[in-house]
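The file final-v7.pdb contains PDB, N, CA and C atoms:
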```pdb
ATOM      1  N   MET A   9     170.304  68.749 105.344  1.00  0.00           N
ATOM      2  CA  MET A   9     171.118  67.561 105.292  1.00  0.00           C
ATOM      3  C   MET A   9     172.523  67.916 104.806  1.00  0.00           C
ATOM      4  N   ARG A  10     172.611  68.734 103.772  1.00  0.00           N
ATOM      5  CA  ARG A  10     173.929  69.084 103.235  1.00  0.00           C
ATOM      6  C   ARG A  10     174.769  69.851 104.260  1.00  0.00           C
ATOM      7  N   ILE A  11     174.126  70.738 105.005  1.00  0.00           N
ATOM      8  CA  ILE A  11     174.853  71.484 106.035  1.00  0.00           C
ATOM      9  C   ILE A  11     175.359  70.528 107.101  1.00  0.00           C
ATOM     10  N   PHE A  12     174.509  69.613 107.545  1.00  0.00           N
ATOM     11  CA  PHE A  12     174.878  68.616 108.552  1.00  0.00           C
ATOM     12  C   PHE A  12     176.091  67.813 108.085  1.00  0.00           C
ATOM     13  N   VAL A  13     176.049  67.350 106.859  1.00  0.00           N
ATOM     14  CA  VAL A  13     177.133  66.553 106.296  1.00  0.00           C
ATOM     15  C   VAL A  13     178.415  67.378 106.213  1.00  0.00           C
ATOM     16  N   SER A  14     178.295  68.625 105.770  1.00  0.00           N
ATOM     17  CA  SER A  14     179.471  69.488 105.633  1.00  0.00           C
ATOM     18  C   SER A  14     180.108  69.806 106.978  1.00  0.00           C
ATOM     19  N   ILE A  15     179.284  70.142 107.951  1.00  0.00           N
ATOM     20  CA  ILE A  15     179.802  70.492 109.274  1.00  0.00           C
ATOM     21  C   ILE A  15     180.568  69.324 109.881  1.00  0.00           C
ATOM     22  N   LEU A  16     180.055  68.124 109.723  1.00  0.00           N
ATOM     23  CA  LEU A  16     180.702  66.956 110.300  1.00  0.00           C
ATOM     24  C   LEU A  16     181.847  66.430 109.437  1.00  0.00           C
ATOM     25  N   GLY A  17     182.017  66.999 108.256  1.00  0.00           N
ATOM     26  CA  GLY A  17     183.100  66.579 107.386  1.00  0.00           C
ATOM     27  C   GLY A  17     182.911  65.186 106.819  1.00  0.00           C
ATOM     28  N   LEU A  18     181.662  64.804 106.587  1.00  0.00           N
ATOM     29  CA  LEU A  18     181.371  63.477 106.063  1.00  0.00           C
ATOM     30  C   LEU A  18     181.202  63.526 104.553  1.00  0.00           C
ATOM     31  N   GLU A  19     181.359  62.371 103.941  1.00  0.00           N
ATOM     32  CA  GLU A  19     181.008  62.224 102.533  1.00  0.00           C
ATOM     33  C   GLU A  19     179.704  61.458 102.491  1.00  0.00           C
ATOM     34  N   TYR A  20     178.721  62.033 101.830  1.00  0.00           N
ATOM     35  CA  TYR A  20     177.432  61.360 101.754  1.00  0.00           C
ATOM     36  C   TYR A  20     177.450  60.448 100.542  1.00  0.00           C
ATOM     37  N   ALA A  21     177.851  59.210 100.771  1.00  0.00           N
ATOM     38  CA  ALA A  21     177.998  58.244  99.685  1.00  0.00           C
ATOM     39  C   ALA A  21     176.944  57.150  99.787  1.00  0.00           C
ATOM     40  N   TYR A  22     175.761  57.514 100.241  1.00  0.00           N
ATOM     41  CA  TYR A  22     174.671  56.564 100.365  1.00  0.00           C
ATOM     42  C   TYR A  22     174.372  55.983  98.990  1.00  0.00           C
ATOM     43  N   SER A  23     174.102  54.717  98.922  1.00  0.00           N
ATOM     44  CA  SER A  23     173.915  54.003  97.660  1.00  0.00           C
ATOM     45  C   SER A  23     172.868  54.676  96.760  1.00  0.00           C
ATOM     46  N   VAL A  24     173.280  54.959  95.537  1.00  0.00           N
ATOM     47  CA  VAL A  24     172.367  55.571  94.565  1.00  0.00           C
ATOM     48  C   VAL A  24     171.173  54.653  94.316  1.00  0.00           C
ATOM     49  N   ASP A  25     171.420  53.356  94.230  1.00  0.00           N
ATOM     50  CA  ASP A  25     170.321  52.409  94.005  1.00  0.00           C
ATOM     51  C   ASP A  25     169.296  52.481  95.134  1.00  0.00           C
ATOM     52  N   GLU A  26     169.779  52.614  96.376  1.00  0.00           N
ATOM     53  CA  GLU A  26     168.857  52.710  97.509  1.00  0.00           C
ATOM     54  C   GLU A  26     168.088  54.035  97.493  1.00  0.00           C
ATOM     55  N   ILE A  27     168.766  55.113  97.120  1.00  0.00           N
ATOM     56  CA  ILE A  27     168.093  56.410  97.023  1.00  0.00           C
ATOM     57  C   ILE A  27     166.980  56.343  95.982  1.00  0.00           C
ATOM     58  N   VAL A  28     167.290  55.775  94.824  1.00  0.00           N
ATOM     59  CA  VAL A  28     166.292  55.674  93.751  1.00  0.00           C
ATOM     60  C   VAL A  28     165.127  54.795  94.199  1.00  0.00           C
ATOM     61  N   ALA A  29     165.411  53.678  94.847  1.00  0.00           N
ATOM     62  CA  ALA A  29     164.349  52.782  95.319  1.00  0.00           C
ATOM     63  C   ALA A  29     163.463  53.493  96.350  1.00  0.00           C
ATOM     64  N   ASP A  30     164.099  54.207  97.291  1.00  0.00           N
ATOM     65  CA  ASP A  30     163.325  54.947  98.298  1.00  0.00           C
ATOM     66  C   ASP A  30     162.428  55.979  97.636  1.00  0.00           C
ATOM     67  N   ASP A  31     163.011  56.774  96.729  1.00  0.00           N
ATOM     68  CA  ASP A  31     162.254  57.850  96.094  1.00  0.00           C
ATOM     69  C   ASP A  31     161.153  57.320  95.182  1.00  0.00           C
ATOM     70  N   THR A  32     161.420  56.206  94.515  1.00  0.00           N
ATOM     71  CA  THR A  32     160.397  55.604  93.648  1.00  0.00           C
ATOM     72  C   THR A  32     159.209  55.124  94.482  1.00  0.00           C
ATOM     73  N   ALA A  33     159.489  54.492  95.608  1.00  0.00           N
ATOM     74  CA  ALA A  33     158.410  54.028  96.487  1.00  0.00           C
ATOM     75  C   ALA A  33     157.593  55.202  97.011  1.00  0.00           C
ATOM     76  N   ILE A  34     158.276  56.283  97.387  1.00  0.00           N
ATOM     77  CA  ILE A  34     157.568  57.480  97.867  1.00  0.00           C
ATOM     78  C   ILE A  34     156.710  58.057  96.747  1.00  0.00           C
ATOM     79  N   PHE A  35     157.255  58.125  95.553  1.00  0.00           N
ATOM     80  CA  PHE A  35     156.505  58.648  94.412  1.00  0.00           C
ATOM     81  C   PHE A  35     155.240  57.821  94.150  1.00  0.00           C
ATOM     82  N   HIS A  36     155.368  56.492  94.201  1.00  0.00           N
ATOM     83  CA  HIS A  36     154.205  55.631  93.964  1.00  0.00           C
ATOM     84  C   HIS A  36     153.143  55.815  95.056  1.00  0.00           C
ATOM     85  N   ALA A  37     153.575  55.992  96.289  1.00  0.00           N
ATOM     86  CA  ALA A  37     152.631  56.233  97.385  1.00  0.00           C
ATOM     87  C   ALA A  37     151.940  57.586  97.213  1.00  0.00           C
ATOM     88  N   LEU A  38     152.672  58.568  96.714  1.00  0.00           N
ATOM     89  CA  LEU A  38     152.050  59.870  96.426  1.00  0.00           C
ATOM     90  C   LEU A  38     151.014  59.742  95.317  1.00  0.00           C
ATOM     91  N   GLU A  39     151.374  59.011  94.262  1.00  0.00           N
ATOM     92  CA  GLU A  39     150.424  58.798  93.160  1.00  0.00           C
ATOM     93  C   GLU A  39     149.169  58.075  93.640  1.00  0.00           C
ATOM     94  N   ALA A  40     149.329  57.178  94.608  1.00  0.00           N
ATOM     95  CA  ALA A  40     148.193  56.410  95.145  1.00  0.00           C
ATOM     96  C   ALA A  40     147.402  57.200  96.184  1.00  0.00           C
ATOM     97  N   HIS A  41     147.831  58.437  96.456  1.00  0.00           N
ATOM     98  CA  HIS A  41     147.156  59.279  97.454  1.00  0.00           C
ATOM     99  C   HIS A  41     147.081  58.568  98.806  1.00  0.00           C
ATOM    100  N   ASP A  42     148.207  57.999  99.220  1.00  0.00           N
ATOM    101  CA  ASP A  42     148.277  57.239 100.475  1.00  0.00           C
ATOM    102  C   ASP A  42     149.218  57.971 101.448  1.00  0.00           C
ATOM    103  N   PRO A  43     148.675  58.962 102.181  1.00  0.00           N
ATOM    104  CA  PRO A  43     149.542  59.775 103.051  1.00  0.00           C
ATOM    105  C   PRO A  43     150.235  58.969 104.155  1.00  0.00           C
ATOM    106  N   GLU A  44     149.577  57.934 104.658  1.00  0.00           N
ATOM    107  CA  GLU A  44     150.206  57.122 105.707  1.00  0.00           C
ATOM    108  C   GLU A  44     151.442  56.403 105.162  1.00  0.00           C
ATOM    109  N   GLU A  45     151.315  55.851 103.961  1.00  0.00           N
ATOM    110  CA  GLU A  45     152.453  55.156 103.338  1.00  0.00           C
ATOM    111  C   GLU A  45     153.563  56.137 102.986  1.00  0.00           C
ATOM    112  N   VAL A  46     153.198  57.309 102.481  1.00  0.00           N
ATOM    113  CA  VAL A  46     154.198  58.329 102.167  1.00  0.00           C
ATOM    114  C   VAL A  46     154.983  58.685 103.424  1.00  0.00           C
ATOM    115  N   THR A  47     154.258  58.914 104.511  1.00  0.00           N
ATOM    116  CA  THR A  47     154.901  59.273 105.779  1.00  0.00           C
ATOM    117  C   THR A  47     155.829  58.163 106.254  1.00  0.00           C
ATOM    118  N   LEU A  48     155.358  56.925 106.203  1.00  0.00           N
ATOM    119  CA  LEU A  48     156.165  55.782 106.618  1.00  0.00           C
ATOM    120  C   LEU A  48     157.442  55.674 105.776  1.00  0.00           C
ATOM    121  N   LEU A  49     157.290  55.777 104.464  1.00  0.00           N
ATOM    122  CA  LEU A  49     158.437  55.652 103.562  1.00  0.00           C
ATOM    123  C   LEU A  49     159.419  56.809 103.726  1.00  0.00           C
ATOM    124  N   TRP A  50     158.898  58.028 103.913  1.00  0.00           N
ATOM    125  CA  TRP A  50     159.763  59.188 104.106  1.00  0.00           C
ATOM    126  C   TRP A  50     160.572  59.039 105.394  1.00  0.00           C
ATOM    127  N   ARG A  51     159.907  58.640 106.471  1.00  0.00           N
ATOM    128  CA  ARG A  51     160.612  58.453 107.740  1.00  0.00           C
ATOM    129  C   ARG A  51     161.683  57.365 107.624  1.00  0.00           C
ATOM    130  N   ARG A  52     161.351  56.292 106.937  1.00  0.00           N
ATOM    131  CA  ARG A  52     162.322  55.211 106.746  1.00  0.00           C
ATOM    132  C   ARG A  52     163.533  55.722 105.963  1.00  0.00           C
ATOM    133  N   LYS A  53     163.282  56.501 104.912  1.00  0.00           N
ATOM    134  CA  LYS A  53     164.363  57.058 104.100  1.00  0.00           C
ATOM    135  C   LYS A  53     165.279  57.931 104.955  1.00  0.00           C
ATOM    136  N   ILE A  54     164.703  58.819 105.740  1.00  0.00           N
ATOM    137  CA  ILE A  54     165.498  59.725 106.583  1.00  0.00           C
ATOM    138  C   ILE A  54     166.223  58.936 107.669  1.00  0.00           C
ATOM    139  N   ASP A  55     165.545  57.988 108.302  1.00  0.00           N
ATOM    140  CA  ASP A  55     166.185  57.161 109.331  1.00  0.00           C
ATOM    141  C   ASP A  55     167.386  56.411 108.757  1.00  0.00           C
ATOM    142  N   ASN A  56     167.237  55.854 107.559  1.00  0.00           N
ATOM    143  CA  ASN A  56     168.341  55.135 106.921  1.00  0.00           C
ATOM    144  C   ASN A  56     169.514  56.068 106.630  1.00  0.00           C
ATOM    145  N   ALA A  57     169.209  57.282 106.176  1.00  0.00           N
ATOM    146  CA  ALA A  57     170.267  58.250 105.882  1.00  0.00           C
ATOM    147  C   ALA A  57     171.008  58.651 107.153  1.00  0.00           C
ATOM    148  N   VAL A  58     170.276  58.911 108.214  1.00  0.00           N
ATOM    149  CA  VAL A  58     170.900  59.295 109.481  1.00  0.00           C
ATOM    150  C   VAL A  58     171.731  58.136 110.033  1.00  0.00           C
ATOM    151  N   THR A  59     171.185  56.925 109.975  1.00  0.00           N
ATOM    152  CA  THR A  59     171.933  55.752 110.444  1.00  0.00           C
ATOM    153  C   THR A  59     173.236  55.609 109.672  1.00  0.00           C
ATOM    154  N   TYR A  60     173.188  55.785 108.373  1.00  0.00           N
ATOM    155  CA  TYR A  60     174.372  55.691 107.526  1.00  0.00           C
ATOM    156  C   TYR A  60     175.430  56.703 107.975  1.00  0.00           C
ATOM    157  N   MET A  61     175.011  57.949 108.214  1.00  0.00           N
ATOM    158  CA  MET A  61     175.962  58.982 108.598  1.00  0.00           C
ATOM    159  C   MET A  61     176.514  58.755 110.002  1.00  0.00           C
ATOM    160  N   VAL A  62     175.689  58.302 110.917  1.00  0.00           N
ATOM    161  CA  VAL A  62     176.156  58.025 112.272  1.00  0.00           C
ATOM    162  C   VAL A  62     177.192  56.896 112.249  1.00  0.00           C
ATOM    163  N   GLU A  63     176.960  55.895 111.415  1.00  0.00           N
ATOM    164  CA  GLU A  63     177.939  54.816 111.280  1.00  0.00           C
ATOM    165  C   GLU A  63     179.259  55.351 110.739  1.00  0.00           C
ATOM    166  N   GLN A  64     179.197  56.300 109.816  1.00  0.00           N
ATOM    167  CA  GLN A  64     180.421  56.917 109.292  1.00  0.00           C
ATOM    168  C   GLN A  64     181.156  57.643 110.410  1.00  0.00           C
ATOM    169  N   LEU A  65     180.421  58.343 111.246  1.00  0.00           N
ATOM    170  CA  LEU A  65     181.049  59.049 112.363  1.00  0.00           C
ATOM    171  C   LEU A  65     181.746  58.072 113.288  1.00  0.00           C
ATOM    172  N   GLY A  66     181.123  56.928 113.538  1.00  0.00           N
ATOM    173  CA  GLY A  66     181.716  55.926 114.402  1.00  0.00           C
ATOM    174  C   GLY A  66     183.050  55.446 113.880  1.00  0.00           C
ATOM    175  N   HIS A  67     183.175  55.348 112.562  1.00  0.00           N
ATOM    176  CA  HIS A  67     184.426  54.909 111.960  1.00  0.00           C
ATOM    177  C   HIS A  67     185.489  56.000 112.013  1.00  0.00           C
ATOM    178  N   ARG A  68     185.035  57.236 112.021  1.00  0.00           N
ATOM    179  CA  ARG A  68     185.971  58.358 112.020  1.00  0.00           C
ATOM    180  C   ARG A  68     186.406  58.752 113.419  1.00  0.00           C
ATOM    181  N   ALA A  69     185.604  58.399 114.419  1.00  0.00           N
ATOM    182  CA  ALA A  69     185.885  58.845 115.785  1.00  0.00           C
ATOM    183  C   ALA A  69     187.026  58.025 116.374  1.00  0.00           C
ATOM    184  N   ARG A  70     188.176  58.586 116.345  1.00  0.00           N
ATOM    185  CA  ARG A  70     189.348  57.951 116.935  1.00  0.00           C
ATOM    186  C   ARG A  70     189.892  58.913 117.972  1.00  0.00           C
ATOM    187  N   PRO A  71     190.313  58.400 119.105  1.00  0.00           N
ATOM    188  CA  PRO A  71     190.873  59.297 120.116  1.00  0.00           C
ATOM    189  C   PRO A  71     192.085  60.040 119.561  1.00  0.00           C
ATOM    190  N   ARG A  72     192.117  61.319 119.817  1.00  0.00           N
ATOM    191  CA  ARG A  72     193.238  62.129 119.355  1.00  0.00           C
ATOM    192  C   ARG A  72     194.163  62.433 120.523  1.00  0.00           C
ATOM    193  N   ARG A  73     195.433  62.340 120.244  1.00  0.00           N
ATOM    194  CA  ARG A  73     196.408  62.734 121.246  1.00  0.00           C
ATOM    195  C   ARG A  73     196.687  64.217 121.082  1.00  0.00           C
ATOM    196  N   ALA A  74     196.908  64.858 122.198  1.00  0.00           N
ATOM    197  CA  ALA A  74     197.289  66.261 122.133  1.00  0.00           C
ATOM    198  C   ALA A  74     198.682  66.355 121.523  1.00  0.00           C
ATOM    199  N   PRO A  75     198.896  67.340 120.673  1.00  0.00           N
ATOM    200  CA  PRO A  75     200.223  67.477 120.081  1.00  0.00           C
ATOM    201  C   PRO A  75     201.252  67.792 121.161  1.00  0.00           C
ATOM    202  N   GLU A  76     202.394  67.197 121.006  1.00  0.00           N
ATOM    203  CA  GLU A  76     203.465  67.466 121.968  1.00  0.00           C
ATOM    204  C   GLU A  76     204.160  68.750 121.572  1.00  0.00           C
ATOM    205  N   SER A  77     204.373  69.586 122.560  1.00  0.00           N
ATOM    206  CA  SER A  77     205.012  70.863 122.285  1.00  0.00           C
ATOM    207  C   SER A  77     205.904  71.230 123.455  1.00  0.00           C
ATOM    208  N   ASN A  78     207.014  71.794 123.151  1.00  0.00           N
ATOM    209  CA  ASN A  78     207.909  72.288 124.197  1.00  0.00           C
ATOM    210  C   ASN A  78     207.636  73.751 124.492  1.00  0.00           C
ATOM    211  N   HIS A  79     206.690  74.319 123.778  1.00  0.00           N
ATOM    212  CA  HIS A  79     206.388  75.750 123.903  1.00  0.00           C
ATOM    213  C   HIS A  79     206.012  76.142 125.332  1.00  0.00           C
ATOM    214  N   TRP A  80     205.225  75.342 126.028  1.00  0.00           N
ATOM    215  CA  TRP A  80     204.717  75.699 127.353  1.00  0.00           C
ATOM    216  C   TRP A  80     205.550  75.109 128.483  1.00  0.00           C
ATOM    217  N   LYS A  81     206.636  74.447 128.174  1.00  0.00           N
ATOM    218  CA  LYS A  81     207.468  73.828 129.225  1.00  0.00           C
ATOM    219  C   LYS A  81     208.474  74.785 129.780  1.00  0.00           C
TER
END
```
Would you write the structure of this file as structure tokens?
Amino acid sequence: MRIFVSILGLEYAYSVDEIVADDTAIFHALEAHDPEEVTLLWRRKIDNAVTYMVEQLGHRARPRRAPESNHWK
């Protein structure tokens, strides 16, 4: 995840409260020995993180103009 974020030049500013809530739910499912719930919660956590980063990319993606140069004229 960190490599992905670094390569794309994003800041991973996902809400700390949401991270804690996700991880707490996963921890409780692990304590309950509920692999199906753990899997569901883990996938939801990762999906939310990816969605967050993709939305950031959408905000950053602006058409770039080629720099004007007289060098090749």
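Among A:Glu19, A:Leu49, A:Phe12, A:Asn56, the residue with the shortest atom-to-atom distance to A:Ala33, counting only N, CA and C atoms, is A:Leu49.
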Nearest residue to A:Glu26 from the set A:Leu65, A:Glu39, A:Ser14, A:Tyr60 (distances using only C-alpha atoms)
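The answer is A:Tyr60, which sits nearest to A:Glu26.
If you look at atom CA of A:Trp50 and atom C of A:Ser23, they are 15.7 Å away from each other.
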Atom CA of A:Glu44 to atom CA of A:Val28, straight-line distance in Å:
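Interatomic distance here is 20.1 Å.
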How many Å lie between atom CA of A:Met61 and atom N of A:Asp42, rounded to one decimal?
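A separation of 29.3 Å between them.
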Between A:Val24, A:Leu18, A:Arg10, A:Ala37, which is the closest to A:Gln64 once you count only N, CA and C atoms?
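Ranked by minimum distance to A:Gln64, first place goes to A:Leu18.
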Would you mind writing stretch 54-65 of chain A with all heavy atoms, as a short mmCIF file (atom, residue, chain, number, x, y, z; two decimals), in the coordinates of the input?
```
data_model
loop_
_atom_site.label_atom_id
_atom_site.label_comp_id
_atom_site.auth_asym_id
_atom_site.auth_seq_id
_atom_site.Cartn_x
_atom_site.Cartn_y
_atom_site.Cartn_z
N ILE A 54 164.70 58.82 105.74
CA ILE A 54 165.50 59.72 106.58
C ILE A 54 166.22 58.94 107.67
O ILE A 54 167.41 59.19 107.95
CB ILE A 54 164.61 60.84 107.17
CG1 ILE A 54 164.01 61.70 106.06
CG2 ILE A 54 165.40 61.69 108.16
CD1 ILE A 54 165.02 62.32 105.11
N ASP A 55 165.54 57.99 108.30
CA ASP A 55 166.18 57.16 109.33
C ASP A 55 167.39 56.41 108.76
O ASP A 55 168.44 56.33 109.39
CB ASP A 55 165.20 56.16 109.94
CG ASP A 55 164.19 56.81 110.85
OD1 ASP A 55 164.37 57.99 111.23
OD2 ASP A 55 163.19 56.13 111.20
N ASN A 56 167.24 55.85 107.56
CA ASN A 56 168.34 55.14 106.92
C ASN A 56 169.51 56.07 106.63
O ASN A 56 170.67 55.70 106.83
CB ASN A 56 167.89 54.46 105.63
CG ASN A 56 167.00 53.26 105.88
OD1 ASN A 56 166.98 52.70 106.97
ND2 ASN A 56 166.25 52.87 104.86
N ALA A 57 169.21 57.28 106.18
CA ALA A 57 170.27 58.25 105.88
C ALA A 57 171.01 58.65 107.15
O ALA A 57 172.24 58.71 107.18
CB ALA A 57 169.67 59.49 105.20
N VAL A 58 170.28 58.91 108.21
CA VAL A 58 170.90 59.30 109.48
C VAL A 58 171.73 58.14 110.03
O VAL A 58 172.86 58.33 110.49
CB VAL A 58 169.84 59.76 110.50
CG1 VAL A 58 170.43 59.92 111.88
CG2 VAL A 58 169.20 61.06 110.03
N THR A 59 171.18 56.92 109.98
CA THR A 59 171.93 55.75 110.44
C THR A 59 173.24 55.61 109.67
O THR A 59 174.30 55.36 110.25
CB THR A 59 171.08 54.48 110.30
OG1 THR A 59 169.92 54.62 111.11
CG2 THR A 59 171.85 53.23 110.72
N TYR A 60 173.19 55.78 108.37
CA TYR A 60 174.37 55.69 107.53
C TYR A 60 175.43 56.70 107.98
O TYR A 60 176.61 56.37 108.13
CB TYR A 60 173.99 55.93 106.06
CG TYR A 60 175.17 55.99 105.14
CD1 TYR A 60 175.76 54.83 104.67
CD2 TYR A 60 175.70 57.21 104.76
CE1 TYR A 60 176.86 54.88 103.83
CE2 TYR A 60 176.80 57.27 103.93
CZ TYR A 60 177.37 56.10 103.46
OH TYR A 60 178.46 56.17 102.64
N MET A 61 175.01 57.95 108.21
CA MET A 61 175.96 58.98 108.60
C MET A 61 176.51 58.76 110.00
O MET A 61 177.70 58.97 110.25
CB MET A 61 175.33 60.36 108.46
CG MET A 61 175.19 60.76 107.01
SD MET A 61 174.66 62.44 106.78
CE MET A 61 172.96 62.31 107.27
N VAL A 62 175.69 58.30 110.92
CA VAL A 62 176.16 58.02 112.27
C VAL A 62 177.19 56.90 112.25
O VAL A 62 178.20 56.95 112.96
CB VAL A 62 174.98 57.70 113.21
CG1 VAL A 62 175.45 57.14 114.53
CG2 VAL A 62 174.13 58.95 113.43
N GLU A 63 176.96 55.90 111.42
CA GLU A 63 177.94 54.82 111.28
C GLU A 63 179.26 55.35 110.74
O GLU A 63 180.33 54.92 111.16
CB GLU A 63 177.40 53.71 110.39
CG GLU A 63 176.31 52.89 111.06
CD GLU A 63 175.64 51.91 110.11
OE1 GLU A 63 175.94 51.91 108.90
OE2 GLU A 63 174.77 51.15 110.60
N GLN A 64 179.20 56.30 109.82
CA GLN A 64 180.42 56.92 109.29
C GLN A 64 181.16 57.64 110.41
O GLN A 64 182.37 57.56 110.50
CB GLN A 64 180.10 57.93 108.19
CG GLN A 64 180.03 57.36 106.83
CD GLN A 64 180.04 58.47 105.79
OE1 GLN A 64 179.96 59.67 106.08
NE2 GLN A 64 180.15 58.08 104.55
N LEU A 65 180.42 58.34 111.25
CA LEU A 65 181.05 59.05 112.36
C LEU A 65 181.75 58.07 113.29
O LEU A 65 182.83 58.35 113.79
CB LEU A 65 180.01 59.84 113.16
CG LEU A 65 179.56 61.17 112.57
CD1 LEU A 65 178.47 61.77 113.43
CD2 LEU A 65 180.73 62.11 112.44
#
```
